[in-house]
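**Q** One structure, pasted below without further comment.
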Amino acid sequence: MTALSQLGGPPAAVTEKPGRRFTAYLLLLPGGLWLALFFVVPLVSLLSASLYDPSGTVETGYAVTGHWQNYVDALQDYARPFGRSMWYALLTTAFCLLLGYPLAYAIAFKSGRWKNLMLALVIAPFFTSFLVRTLSWKLLLGDNGVVVDTLKWLHILGPDGRLLATTTAVVTGLTYNFLPFMVLPLYASLEKIDHRLIEAGGDLFAGPVTTFRTVTLPLSMPGVVAGTLLTFIPAAGDYINAELLGTPQQRMIGNDIQNLFAAGAHPTAAALSVTLMATIVVLVLFYVRRVGTEDLL
Amino acid sequence: MNVRPQYPVSRRTVLTGMSLSALGLSGSGLLAACGTPAAKQTEQQCVSTDLSSTEKTLNFSNWPSYMDEADEKVNGKTVLPTLAAFEKLSGIKVNYTADVNDNAEFFAKVKDQLGACQPTGRDIFVLTDWMASRMVKLGWIQKLDHAKIPNVDANLLPSLKGPAWDSSRDYSVPWQSGLTGIAYNAKHTKEVKSFTELLTRPDLKGKITLLSEMRDTMLFMLRIDGADPTKFGDEEWGKALEKLQGYVASSQIRRFTGNDYIQDLNAGNIVACEAWSGDVLALQADNPDIKFVVPEEGLGLWSDNMLVPNKATHKANAEALINHYYDPQVAATLAAWVNFICPVQGAKEAMEKVDPELVDSPLIFPDEADLAKAYGFMALDEAKSKQYESDFNRVIGG
């Protein structure tokens with residue numbers, strides 16, 4: 001062992017034995033097979049379903065006829081819920097960021113010995129099912145509940161006003177359900193920040209606001225990007241919140257995909273699913289490029 | 001000295017490998033997934049040997065809360081009295097599972113097996129008319145031997161004897177029936193007499209719900225226009241749909257729901273809604289303000305039906321079970337617990353001994369006049385069903 005090889009050189013052993021090369025592929029194999037079986041195969045079947053002849057039924061079977069018109073028809077009929085899903089997901093992401101950043105900041109820098117407890121509290125809602133958590137919002141926002149009564153008393157809501165079955169309720173539910181997905185990555189990247197850098201900001205006569213803007217915020221950007229992605233993507237495809245807390249006017253694209261599938265309109269449902277996926281991929285690529293954190297991909 | 005470590009697997013090889021295998025898979029996948037084969041079968045193509053004479057077992061799938069339960073548990077297990085009585089009488093061991101939560105979901109669960117003549121592991125299951133009709137049309141259900149179910153022939157309510165999709169009950173026998181009508185919460189609003197009123201009264205705006213089951217809701221939309229839900233054409237369908245679209249746009253309807261309207265009605269979030277009789281009866285026990293109305297337009301009448309699927313190997317055992325539940329005494333015990341409409345004649349008399357309070361309940365034993373106003377929804381073939389379901393979905397989507 002020379003000092004040189006310990007310092008900077010490549011870990012020589014890695015290339016030495018030809019068997020090692022084989023090991024690496026072997027390690028990739030289980031995960032790769034898993035992905036192939038449960039991601040690539042369903043994806044291909046979804047793509048081919050979106051090109052089925054729309055006149056097919058369960059009884060007669062469906063033929064792949066390369067019917068691209070499915071996409072045009074689906075988008076014509078469902079453009080509004082589609083746009084609505086994107087809008088709600090955007091609102092949800094914005095609210096999660098506004099609520100989640102201060103929370104993650106407080107946990108990372110100010111919580112002291114309460115840190116673990118606070119993190120546990122952020123994760124605690126996951127111990128109950130998604131459905132139960134959403135249903136409990138129905139109790140909270142009920143027409144004769146405390147929240148509505150208080151808002152009426154404060155004249156924020158009119159005498160006939162309601163919270164349940166409104167856009168507010170749906171976006172509130174989405175924000176609540178996806179908040180932990182924002183807080184955890186934000187916390188992880190804030191927590192990693194070297195305190196000496198922040199102190200250096202102070203030493204160089206930057207006020208707290210300037211230090212935050214030029215040091216803390218840029219260093220936490222990976223967390224912001226990861227958090228917004230983890231919030232936006234599932235929120236855009238969610239249908240439980242719109243189903244339970246909304247009205248027909250708040251229906252999201254997930255509701256339509258689910259119903260169309262149940263109705264046996266597989267081609268339309270598949271075309272909408274593919275469009276949703278493609279839209280999200282394009283938006284995400286564009287966003288990640290703009291923010292300049294390609295390292296994430 | 002800036003030598004990058006030479007890892008055996010570089011990013012480039014990983015990416016190349018991934019894209020190549022994805023391509024390979026999609027190639028073979030596309031060939032394999034070239035469409036979906038027709039799932040229609042016939043009973044003759046999918047014959048199975050009935051092992052009932054040697055195997056005294058029966059696998060029974062039903063909906064939750066659809067079987068009477070004894071108040072007290074034995075050895076920590078819930079006792080199902082009528083089912084236990086059947087086991088004792090016949091010597092057949094029943095594996096009872098409450099795994100049917102939703103017609104469409106259950107269809108998705110068994111469609112690949114039944115579409116390919118494979119056993120589902122179930123000898124008898126219970127599905128609502130429209131789904132039962134769909135499975136019968138697909139040839140997935142075995143014909144019943146009426147010689148083995150004499151109680152059904154003797155005791156089935158006349159109004160349920162010949163639905164359009166199974167005119168002589170060759171394939172299906174009702175487990176329980178129910179009515180679709182209007183429910184309202186008397187604490188929060190005055191009586192709602194008809195669907196027209198429900199959908200137009202200004203004080204109900206945003207305070208009512210309809211059911212997301214296409215057939216239940218469209219039955220009344222067709223009735224509002226004076227059409228016959230048991231027999232209608234595309235033009236009448238289009239008109240009814242347009243009507244519904246208008247009500248959705250006016251924000252009169254708050255939501256389209258499944259069973260979950262119960263909580264909203266009880267809490268007063270909604271004050272009236274389209275509702276199923278059994279739910280209303282169950283809710284009334286806790287909240288006497290909840291009332292059920294027979295709408296002026298009529299009622300929806302539906303049944304959940306017992307079906308024996310292809311490749312079930314205990315058909316004779318299943319028939320013995322069906323026959324057992326058409327004994328009026330057994331039917332009354334069951335009806336007293338599940339609160340739905342009892343399809344068995346004579347159960348009303350038997351109810352005197354089981355629970356005298358329920359004898360006059362119009363939601364368990366409806367009178368002739370109400371039943372005369374009840375409609376079943378027209379049987380639809382696969383293509384029509386898909387078209388109507390898609391139309392309906394588009395309209396309720398706002």
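Each chain of the structure tokens is named A, B, ... in the order shown, its residues numbered from 1; ligands are numbered from 1 in display order.
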Pull the closest atom pair for each residue of chain A that gets at most 7 Å from chain B, along with the distance in Å to one decimal, counting only C-alpha atoms, ordering rows by chain and then ascending residue number, as a tab-separated table.
**A**
residue	atom	partner	partner_atom	distance
A:Gly9	CA	B:Val3	CA	6.4
A:Pro10	CA	B:Pro5	CA	4.3
A:Pro11	CA	B:Pro5	CA	6.5
A:Val14	CA	B:Tyr7	CA	6.8
A:Thr15	CA	B:Gln6	CA	6.9
A:Arg21	CA	B:Pro8	CA	5.3
A:Ala24	CA	B:Val9	CA	6.8
A:Val40	CA	B:Ala22	CA	6.7
A:Val41	CA	B:Gly29	CA	6.7
A:Val44	CA	B:Ser26	CA	5.9
A:Ser45	CA	B:Ala33	CA	6.1
A:Ser48	CA	B:Leu30	CA	7.0
A:Tyr52	CA	B:Gly35	CA	6.7
A:Thr57	CA	B:Glu382	CA	6.1
A:Val58	CA	B:Ala39	CA	6.0
A:Glu59	CA	B:Lys40	CA	5.1
A:Thr60	CA	B:Ala38	CA	4.3
A:Gly61	CA	B:Ala38	CA	3.7
A:Tyr62	CA	B:Thr36	CA	4.9
A:Ala63	CA	B:Gly35	CA	4.3
A:Val64	CA	B:Gly35	CA	4.8
A:Gly142	CA	B:Asn269	CA	6.0
A:Asp143	CA	B:Asn269	CA	5.1
A:Asn144	CA	B:Gly268	CA	6.9
A:Ala165	CA	B:Arg254	CA	6.8
A:Thr247	CA	B:Arg255	CA	4.6
A:Pro248	CA	B:Gly397	CA	5.1
A:Gln249	CA	B:Gly398	CA	5.1
A:Arg251	CA	B:Gly397	CA	6.0
A:Asn259	CA	B:Asn393	CA	6.8
A:Leu260	CA	B:Ser390	CA	6.3
A:Ala262	CA	B:Ala104	CA	5.8
A:Ala263	CA	B:Glu389	CA	5.4
A:Gly264	CA	B:Lys386	CA	5.7
A:Ala265	CA	B:Lys386	CA	6.2
**Q** Which residues, written as a CSV table (one decimal) with all heavy atoms, in the first residue's frame, have at least one atom at most 9 Å from Ala350 of chain B, with only C-alpha atoms counted and residues fewer than 4 positions away on the same chain left out?
**A**
chain,number,residue,atom,x,y,z
B,328,PRO,N,-89.3,-19.3,4.7
B,328,PRO,CA,-89.8,-18.0,5.3
B,328,PRO,C,-89.2,-17.7,6.7
B,328,PRO,O,-88.9,-16.5,7.0
B,328,PRO,CB,-91.3,-18.2,5.4
B,328,PRO,CG,-91.6,-19.2,4.3
B,328,PRO,CD,-90.4,-20.1,4.3
B,329,GLN,N,-89.1,-18.7,7.5
B,329,GLN,CA,-88.6,-18.5,8.9
B,329,GLN,C,-87.1,-18.0,8.8
B,329,GLN,O,-86.8,-17.0,9.5
B,329,GLN,CB,-88.6,-19.8,9.6
B,329,GLN,CG,-88.2,-19.8,11.1
B,329,GLN,CD,-89.2,-18.9,11.9
B,329,GLN,OE1,-90.4,-19.0,11.7
B,329,GLN,NE2,-88.6,-18.1,12.8
B,330,VAL,N,-86.3,-18.6,8.0
B,330,VAL,CA,-84.9,-18.2,7.8
B,330,VAL,C,-84.9,-16.8,7.2
B,330,VAL,O,-84.1,-15.9,7.7
B,330,VAL,CB,-84.2,-19.2,6.9
B,330,VAL,CG1,-82.8,-18.7,6.6
B,330,VAL,CG2,-84.1,-20.6,7.5
B,331,ALA,N,-85.7,-16.5,6.2
B,331,ALA,CA,-85.7,-15.2,5.5
B,331,ALA,C,-86.1,-14.1,6.5
B,331,ALA,O,-85.5,-13.0,6.5
B,331,ALA,CB,-86.7,-15.3,4.4
B,332,ALA,N,-87.0,-14.4,7.4
B,332,ALA,CA,-87.4,-13.4,8.4
B,332,ALA,C,-86.3,-13.0,9.3
B,332,ALA,O,-86.1,-11.9,9.7
B,332,ALA,CB,-88.7,-13.8,9.1
B,333,THR,N,-85.6,-14.1,9.8
B,333,THR,CA,-84.5,-13.9,10.7
B,333,THR,C,-83.4,-13.0,10.0
B,333,THR,O,-82.9,-12.1,10.6
B,333,THR,CB,-83.8,-15.2,11.1
B,333,THR,OG1,-84.9,-16.1,11.4
B,333,THR,CG2,-82.9,-15.1,12.2
B,346,GLY,N,-94.2,-14.9,2.7
B,346,GLY,CA,-94.4,-15.7,3.9
B,346,GLY,C,-93.5,-15.3,5.0
B,346,GLY,O,-93.8,-15.6,6.2
B,354,VAL,N,-90.2,-13.4,15.0
B,354,VAL,CA,-88.8,-12.9,15.1
B,354,VAL,C,-88.7,-11.5,15.7
B,354,VAL,O,-88.0,-11.3,16.7
B,354,VAL,CB,-88.2,-12.9,13.7
B,354,VAL,CG1,-86.8,-12.4,13.8
B,354,VAL,CG2,-88.2,-14.3,13.1
B,359,VAL,N,-92.9,-6.1,11.5
B,359,VAL,CA,-93.9,-6.7,10.5
B,359,VAL,C,-94.5,-5.6,9.6
B,359,VAL,O,-94.7,-5.8,8.4
B,359,VAL,CB,-95.0,-7.4,11.3
B,359,VAL,CG1,-96.1,-7.8,10.4
B,359,VAL,CG2,-94.4,-8.6,12.1
**Q** So which residues of segment 163-263 of chain B fall under strand (DSSP E) by DSSP, listed as a list of chain:residue names?
**A**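 Matching residues for strand (DSSP E) in segment 163-263 of chain B are B:Ser172, B:Val173, B:Pro174, B:Trp175, B:Gln176, B:Ser177, B:Gly178, B:Leu179, B:Thr180, B:Gly181, B:Ile182, B:Ala183, B:Tyr184, B:Asn185, B:Ile208, B:Thr209, B:Leu210, B:Leu211, B:Ile253, B:Arg254, B:Arg255, B:Phe256, B:Thr257.
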**Q** Write out, as a PDB file, in the first residue's frame, the residues just selected, with N, CA, C and O atoms.
**A**
ATOM      1  N   SER B 172     -80.223 -16.722 -11.710  1.00  0.00           N
ATOM      2  CA  SER B 172     -80.041 -15.861 -10.539  1.00  0.00           C
ATOM      3  C   SER B 172     -81.215 -15.989  -9.596  1.00  0.00           C
ATOM      4  O   SER B 172     -82.335 -16.243 -10.033  1.00  0.00           O
ATOM      5  N   VAL B 173     -80.952 -15.802  -8.308  1.00  0.00           N
ATOM      6  CA  VAL B 173     -82.012 -15.761  -7.308  1.00  0.00           C
ATOM      7  C   VAL B 173     -81.713 -14.583  -6.377  1.00  0.00           C
ATOM      8  O   VAL B 173     -80.585 -14.460  -5.904  1.00  0.00           O
ATOM      9  N   PRO B 174     -82.705 -13.701  -6.129  1.00  0.00           N
ATOM     10  CA  PRO B 174     -82.432 -12.534  -5.280  1.00  0.00           C
ATOM     11  C   PRO B 174     -82.011 -12.943  -3.867  1.00  0.00           C
ATOM     12  O   PRO B 174     -82.604 -13.849  -3.285  1.00  0.00           O
ATOM     13  N   TRP B 175     -80.999 -12.276  -3.362  1.00  0.00           N
ATOM     14  CA  TRP B 175     -80.591 -12.456  -1.958  1.00  0.00           C
ATOM     15  C   TRP B 175     -81.417 -11.495  -1.114  1.00  0.00           C
ATOM     16  O   TRP B 175     -82.167 -11.902  -0.238  1.00  0.00           O
ATOM     17  N   GLN B 176     -81.291 -10.203  -1.381  1.00  0.00           N
ATOM     18  CA  GLN B 176     -82.149  -9.196  -0.765  1.00  0.00           C
ATOM     19  C   GLN B 176     -82.492  -8.200  -1.858  1.00  0.00           C
ATOM     20  O   GLN B 176     -81.775  -8.081  -2.842  1.00  0.00           O
ATOM     21  N   SER B 177     -83.579  -7.454  -1.658  1.00  0.00           N
ATOM     22  CA  SER B 177     -83.931  -6.413  -2.606  1.00  0.00           C
ATOM     23  C   SER B 177     -83.956  -5.084  -1.876  1.00  0.00           C
ATOM     24  O   SER B 177     -83.918  -5.036  -0.653  1.00  0.00           O
ATOM     25  N   GLY B 178     -84.013  -4.034  -2.672  1.00  0.00           N
ATOM     26  CA  GLY B 178     -84.068  -2.722  -2.046  1.00  0.00           C
ATOM     27  C   GLY B 178     -84.783  -1.742  -2.943  1.00  0.00           C
ATOM     28  O   GLY B 178     -85.009  -2.000  -4.123  1.00  0.00           O
ATOM     29  N   LEU B 179     -85.149  -0.620  -2.340  1.00  0.00           N
ATOM     30  CA  LEU B 179     -85.819   0.427  -3.096  1.00  0.00           C
ATOM     31  C   LEU B 179     -84.906   1.634  -3.146  1.00  0.00           C
ATOM     32  O   LEU B 179     -84.156   1.904  -2.213  1.00  0.00           O
ATOM     33  N   THR B 180     -84.974   2.372  -4.250  1.00  0.00           N
ATOM     34  CA  THR B 180     -84.286   3.650  -4.324  1.00  0.00           C
ATOM     35  C   THR B 180     -85.350   4.732  -4.322  1.00  0.00           C
ATOM     36  O   THR B 180     -86.298   4.654  -5.096  1.00  0.00           O
ATOM     37  N   GLY B 181     -85.213   5.691  -3.449  1.00  0.00           N
ATOM     38  CA  GLY B 181     -86.183   6.783  -3.370  1.00  0.00           C
ATOM     39  C   GLY B 181     -85.511   8.021  -2.821  1.00  0.00           C
ATOM     40  O   GLY B 181     -84.327   8.239  -3.065  1.00  0.00           O
ATOM     41  N   ILE B 182     -86.263   8.802  -2.035  1.00  0.00           N
ATOM     42  CA  ILE B 182     -85.711  10.030  -1.467  1.00  0.00           C
ATOM     43  C   ILE B 182     -85.672   9.902   0.052  1.00  0.00           C
ATOM     44  O   ILE B 182     -86.595   9.360   0.651  1.00  0.00           O
ATOM     45  N   ALA B 183     -84.615  10.394   0.646  1.00  0.00           N
ATOM     46  CA  ALA B 183     -84.565  10.497   2.100  1.00  0.00           C
ATOM     47  C   ALA B 183     -84.361  11.957   2.453  1.00  0.00           C
ATOM     48  O   ALA B 183     -83.737  12.701   1.699  1.00  0.00           O
ATOM     49  N   TYR B 184     -84.936  12.391   3.589  1.00  0.00           N
ATOM     50  CA  TYR B 184     -84.659  13.751   4.035  1.00  0.00           C
ATOM     51  C   TYR B 184     -84.517  13.779   5.540  1.00  0.00           C
ATOM     52  O   TYR B 184     -84.933  12.851   6.235  1.00  0.00           O
ATOM     53  N   ASN B 185     -83.885  14.839   6.022  1.00  0.00           N
ATOM     54  CA  ASN B 185     -83.653  15.002   7.445  1.00  0.00           C
ATOM     55  C   ASN B 185     -84.667  16.023   7.969  1.00  0.00           C
ATOM     56  O   ASN B 185     -84.552  17.224   7.723  1.00  0.00           O
ATOM     57  N   ILE B 208     -78.332  18.898  -1.493  1.00  0.00           N
ATOM     58  CA  ILE B 208     -78.816  17.553  -1.824  1.00  0.00           C
ATOM     59  C   ILE B 208     -77.722  16.766  -2.554  1.00  0.00           C
ATOM     60  O   ILE B 208     -76.810  17.334  -3.135  1.00  0.00           O
ATOM     61  N   THR B 209     -77.837  15.446  -2.500  1.00  0.00           N
ATOM     62  CA  THR B 209     -76.933  14.609  -3.284  1.00  0.00           C
ATOM     63  C   THR B 209     -77.742  13.594  -4.084  1.00  0.00           C
ATOM     64  O   THR B 209     -78.872  13.262  -3.729  1.00  0.00           O
ATOM     65  N   LEU B 210     -77.152  13.143  -5.186  1.00  0.00           N
ATOM     66  CA  LEU B 210     -77.703  12.028  -5.948  1.00  0.00           C
ATOM     67  C   LEU B 210     -76.696  10.884  -5.892  1.00  0.00           C
ATOM     68  O   LEU B 210     -75.564  11.070  -5.458  1.00  0.00           O
ATOM     69  N   LEU B 211     -77.133   9.699  -6.359  1.00  0.00           N
ATOM     70  CA  LEU B 211     -76.239   8.539  -6.310  1.00  0.00           C
ATOM     71  C   LEU B 211     -75.361   8.486  -7.553  1.00  0.00           C
ATOM     72  O   LEU B 211     -75.797   8.846  -8.653  1.00  0.00           O
ATOM     73  N   ILE B 253     -77.161  20.261  -7.131  1.00  0.00           N
ATOM     74  CA  ILE B 253     -76.648  18.992  -6.616  1.00  0.00           C
ATOM     75  C   ILE B 253     -75.271  19.215  -6.003  1.00  0.00           C
ATOM     76  O   ILE B 253     -74.386  19.758  -6.650  1.00  0.00           O
ATOM     77  N   ARG B 254     -75.140  18.799  -4.781  1.00  0.00           N
ATOM     78  CA  ARG B 254     -73.864  19.013  -4.117  1.00  0.00           C
ATOM     79  C   ARG B 254     -72.828  17.980  -4.540  1.00  0.00           C
ATOM     80  O   ARG B 254     -71.710  18.309  -4.860  1.00  0.00           O
ATOM     81  N   ARG B 255     -73.222  16.722  -4.546  1.00  0.00           N
ATOM     82  CA  ARG B 255     -72.275  15.663  -4.912  1.00  0.00           C
ATOM     83  C   ARG B 255     -73.030  14.494  -5.505  1.00  0.00           C
ATOM     84  O   ARG B 255     -74.247  14.399  -5.387  1.00  0.00           O
ATOM     85  N   PHE B 256     -72.260  13.581  -6.120  1.00  0.00           N
ATOM     86  CA  PHE B 256     -72.779  12.268  -6.472  1.00  0.00           C
ATOM     87  C   PHE B 256     -72.059  11.277  -5.577  1.00  0.00           C
ATOM     88  O   PHE B 256     -70.837  11.293  -5.497  1.00  0.00           O
ATOM     89  N   THR B 257     -72.808  10.453  -4.870  1.00  0.00           N
ATOM     90  CA  THR B 257     -72.187   9.659  -3.806  1.00  0.00           C
ATOM     91  C   THR B 257     -72.462   8.173  -3.943  1.00  0.00           C
ATOM     92  O   THR B 257     -73.362   7.756  -4.664  1.00  0.00           O
TER      93      THR B 257
END
**Q** Please identify all polymer residues within 12 Å of Lys190 of chain B, counting only C-alpha atoms, omitting same-chain residues fewer than 3 positions from it, and present them as an MDAnalysis selection string.
**A** chainID B and resid 183:187 193 197:198 201 203:204 271:272 289:291 293
**Q** Any idea what's packed within 9 Å of Val291 of chain A, counting only C-alpha atoms, ignoring anything in its chain fewer than 4 positions away? Could you give it as a ChimeraX atom specification?
**A** /A:221,225,286-287
**Q** I want to know what sits within 8 Å of Leu75 of chain A, based on only C-alpha atoms, with residues of the same chain fewer than 4 positions away left out; could you give that as a list of chain:residue names?
**A**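 Skipping anything fewer than 4 positions along the chain leaves A:Tyr71, A:Ala79, A:Leu272.
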**Q** Between A:Ser50, A:Gly56, A:Pro159, A:Thr175, which has the minimum distance to Asn70 of chain A (counting only C-alpha atoms)?
**A** A:Ser50
**Q** Do a neighbour search on Ala347 of chain B at 12 Å with only C-alpha atoms, toss out local chain neighbours closer than 3 positions, and write the hits as a PyMOL selection string.
**A** chain B and resi 155-157+325-336+341-344+350-356+358-360+364-365
**Q** Store the residues picked out above in a file with N, CA and C atoms, as a compact mmCIF listing (two decimals), in the first residue's frame.
**A**
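File produced: out16.txt:
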# COMPACT_ATOMS: atom_id res chain seq x y z
N ASN B 155 -91.86 -19.44 -3.08
CA ASN B 155 -91.92 -18.27 -2.20
C ASN B 155 -91.37 -16.96 -2.76
N LEU B 156 -90.75 -16.96 -3.95
CA LEU B 156 -90.21 -15.71 -4.48
C LEU B 156 -91.34 -14.71 -4.77
N LEU B 157 -91.15 -13.46 -4.32
CA LEU B 157 -92.16 -12.41 -4.55
C LEU B 157 -92.48 -12.31 -6.04
N TYR B 325 -82.36 -20.36 2.23
CA TYR B 325 -82.70 -18.96 2.49
C TYR B 325 -84.07 -18.56 1.95
N TYR B 326 -84.74 -19.47 1.25
CA TYR B 326 -86.10 -19.18 0.82
C TYR B 326 -87.13 -19.84 1.73
N ASP B 327 -86.65 -20.35 2.85
CA ASP B 327 -87.55 -20.78 3.92
C ASP B 327 -88.00 -19.52 4.66
N PRO B 328 -89.32 -19.25 4.75
CA PRO B 328 -89.79 -17.97 5.31
C PRO B 328 -89.22 -17.67 6.69
N GLN B 329 -89.08 -18.69 7.53
CA GLN B 329 -88.56 -18.48 8.88
C GLN B 329 -87.12 -17.95 8.82
N VAL B 330 -86.30 -18.58 7.98
CA VAL B 330 -84.91 -18.17 7.80
C VAL B 330 -84.86 -16.76 7.21
N ALA B 331 -85.70 -16.53 6.20
CA ALA B 331 -85.71 -15.23 5.53
C ALA B 331 -86.08 -14.12 6.50
N ALA B 332 -87.03 -14.39 7.40
CA ALA B 332 -87.44 -13.37 8.37
C ALA B 332 -86.30 -13.05 9.33
N THR B 333 -85.58 -14.08 9.77
CA THR B 333 -84.46 -13.87 10.68
C THR B 333 -83.40 -12.99 10.01
N LEU B 334 -83.13 -13.30 8.76
CA LEU B 334 -82.14 -12.53 8.00
C LEU B 334 -82.61 -11.08 7.81
N ALA B 335 -83.87 -10.92 7.39
CA ALA B 335 -84.40 -9.59 7.09
C ALA B 335 -84.42 -8.70 8.33
N ALA B 336 -84.68 -9.31 9.49
CA ALA B 336 -84.73 -8.53 10.72
C ALA B 336 -83.37 -7.94 11.02
N ILE B 341 -85.26 -5.23 1.74
CA ILE B 341 -86.54 -5.82 1.39
C ILE B 341 -86.39 -7.32 1.25
N CYS B 342 -87.26 -8.03 1.92
CA CYS B 342 -87.18 -9.48 1.93
C CYS B 342 -87.90 -10.02 0.69
N PRO B 343 -87.19 -10.75 -0.16
CA PRO B 343 -87.81 -11.22 -1.40
C PRO B 343 -88.65 -12.48 -1.23
N VAL B 344 -88.86 -12.89 0.02
CA VAL B 344 -89.51 -14.17 0.28
C VAL B 344 -90.92 -13.98 0.81
N ALA B 350 -93.86 -14.92 9.26
CA ALA B 350 -92.83 -15.50 10.13
C ALA B 350 -92.20 -14.43 11.01
N MET B 351 -92.22 -13.18 10.53
CA MET B 351 -91.60 -12.08 11.27
C MET B 351 -92.30 -11.82 12.61
N GLU B 352 -93.59 -12.17 12.70
CA GLU B 352 -94.34 -12.01 13.95
C GLU B 352 -93.57 -12.59 15.13
N LYS B 353 -92.95 -13.74 14.88
CA LYS B 353 -92.23 -14.42 15.96
C LYS B 353 -90.82 -13.85 16.13
N VAL B 354 -90.22 -13.39 15.04
CA VAL B 354 -88.83 -12.93 15.10
C VAL B 354 -88.74 -11.54 15.73
N ASP B 355 -89.48 -10.59 15.17
CA ASP B 355 -89.44 -9.21 15.67
C ASP B 355 -90.74 -8.52 15.26
N PRO B 356 -91.76 -8.56 16.14
CA PRO B 356 -93.09 -8.05 15.76
C PRO B 356 -93.08 -6.59 15.31
N LEU B 358 -91.15 -5.15 13.31
CA LEU B 358 -90.76 -4.96 11.92
C LEU B 358 -91.81 -5.43 10.92
N VAL B 359 -92.88 -6.08 11.45
CA VAL B 359 -93.86 -6.66 10.54
C VAL B 359 -94.47 -5.61 9.64
N ASP B 360 -94.69 -4.40 10.19
CA ASP B 360 -95.35 -3.37 9.41
C ASP B 360 -94.38 -2.39 8.76
N ILE B 364 -89.21 -3.12 4.68
CA ILE B 364 -88.83 -4.53 4.62
C ILE B 364 -89.90 -5.31 3.86
N PHE B 365 -91.17 -4.97 4.16
CA PHE B 365 -92.28 -5.59 3.45
C PHE B 365 -93.14 -4.49 2.79
**Q** Just the helix (DSSP H, G or I) stuff from segment 248-279 of chain B, please, per backbone DSSP, written as a PDB file with C-alpha atoms, in the first residue's frame.
**A**
ATOM      1  CA  VAL B 248     -75.478  19.897 -12.268  1.00  0.00           C
ATOM      2  CA  ALA B 249     -74.758  23.294 -13.856  1.00  0.00           C
ATOM      3  CA  TYR B 261     -74.447  10.060   1.762  1.00  0.00           C
ATOM      4  CA  ILE B 262     -75.470   8.487   5.090  1.00  0.00           C
ATOM      5  CA  GLN B 263     -72.931  10.475   7.133  1.00  0.00           C
ATOM      6  CA  ASP B 264     -73.738  13.731   5.333  1.00  0.00           C
ATOM      7  CA  LEU B 265     -77.478  13.304   5.835  1.00  0.00           C
ATOM      8  CA  ASN B 266     -77.083  12.380   9.479  1.00  0.00           C
ATOM      9  CA  ALA B 267     -74.784  15.350  10.156  1.00  0.00           C
ATOM     10  CA  SER B 277     -84.134   1.975   1.607  1.00  0.00           C
ATOM     11  CA  GLY B 278     -81.912  -0.310   3.690  1.00  0.00           C
ATOM     12  CA  ASP B 279     -79.521   2.513   4.582  1.00  0.00           C
TER      13      ASP B 279
END
**Q** Hey, what's within 12 Å of Thr54 of chain B if we count only C-alpha atoms and toss same-chain stuff fewer than 5 positions away? As an mmCIF file with C-alpha atoms, in the first residue's frame, please?
**A**
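What ended up in selection_20.cif:
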data_model
loop_
_atom_site.group_PDB
_atom_site.id
_atom_site.type_symbol
_atom_site.label_atom_id
_atom_site.label_comp_id
_atom_site.auth_asym_id
_atom_site.auth_seq_id
_atom_site.Cartn_x
_atom_site.Cartn_y
_atom_site.Cartn_z
ATOM 1 C CA THR B 49 -67.617 -31.395 -12.486
ATOM 2 C CA GLY B 91 -73.696 -30.978 6.913
ATOM 3 C CA ILE B 92 -72.100 -28.546 4.442
ATOM 4 C CA THR B 313 -67.328 -27.159 -8.180
ATOM 5 C CA HIS B 314 -70.073 -27.166 -5.529
ATOM 6 C CA ALA B 316 -75.537 -28.580 -5.705
ATOM 7 C CA ASN B 317 -74.321 -27.298 -2.330
#
**Q** Kindly assemble as a Markdown table a list of the segment 226-280 of chain A residues that lie within 10 Å of segment 118-133 of chain A, each paired with its nearest atom pair and their distance in Å to one decimal, using only C-alpha atoms, sorted first by chain and then by ascending residue number.
**A**
| residue | atom | partner | partner_atom | distance |
| --- | --- | --- | --- | --- |
| A:Ile240 | CA | A:Leu131 | CA | 7.4 |
| A:Asn241 | CA | A:Leu131 | CA | 8.8 |
| A:Leu244 | CA | A:Leu131 | CA | 9.2 |
**Q** Taking into account only C-alpha atoms, which residue in the set A:Trp68, A:Phe205, A:Phe181, A:Tyr105 is nearest to Ala49 of chain A?
**A**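 Among the listed residues, the smallest separation from Ala49 of chain A belongs to A:Trp68.
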**Q** Nearest residue to Asn259 of chain B out of B:Asn305, B:Asp102, B:Gln44, B:Met218, using only C-alpha atoms?
**A**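 Of the candidates, the smallest distance to Asn259 of chain B is held by B:Asp102.
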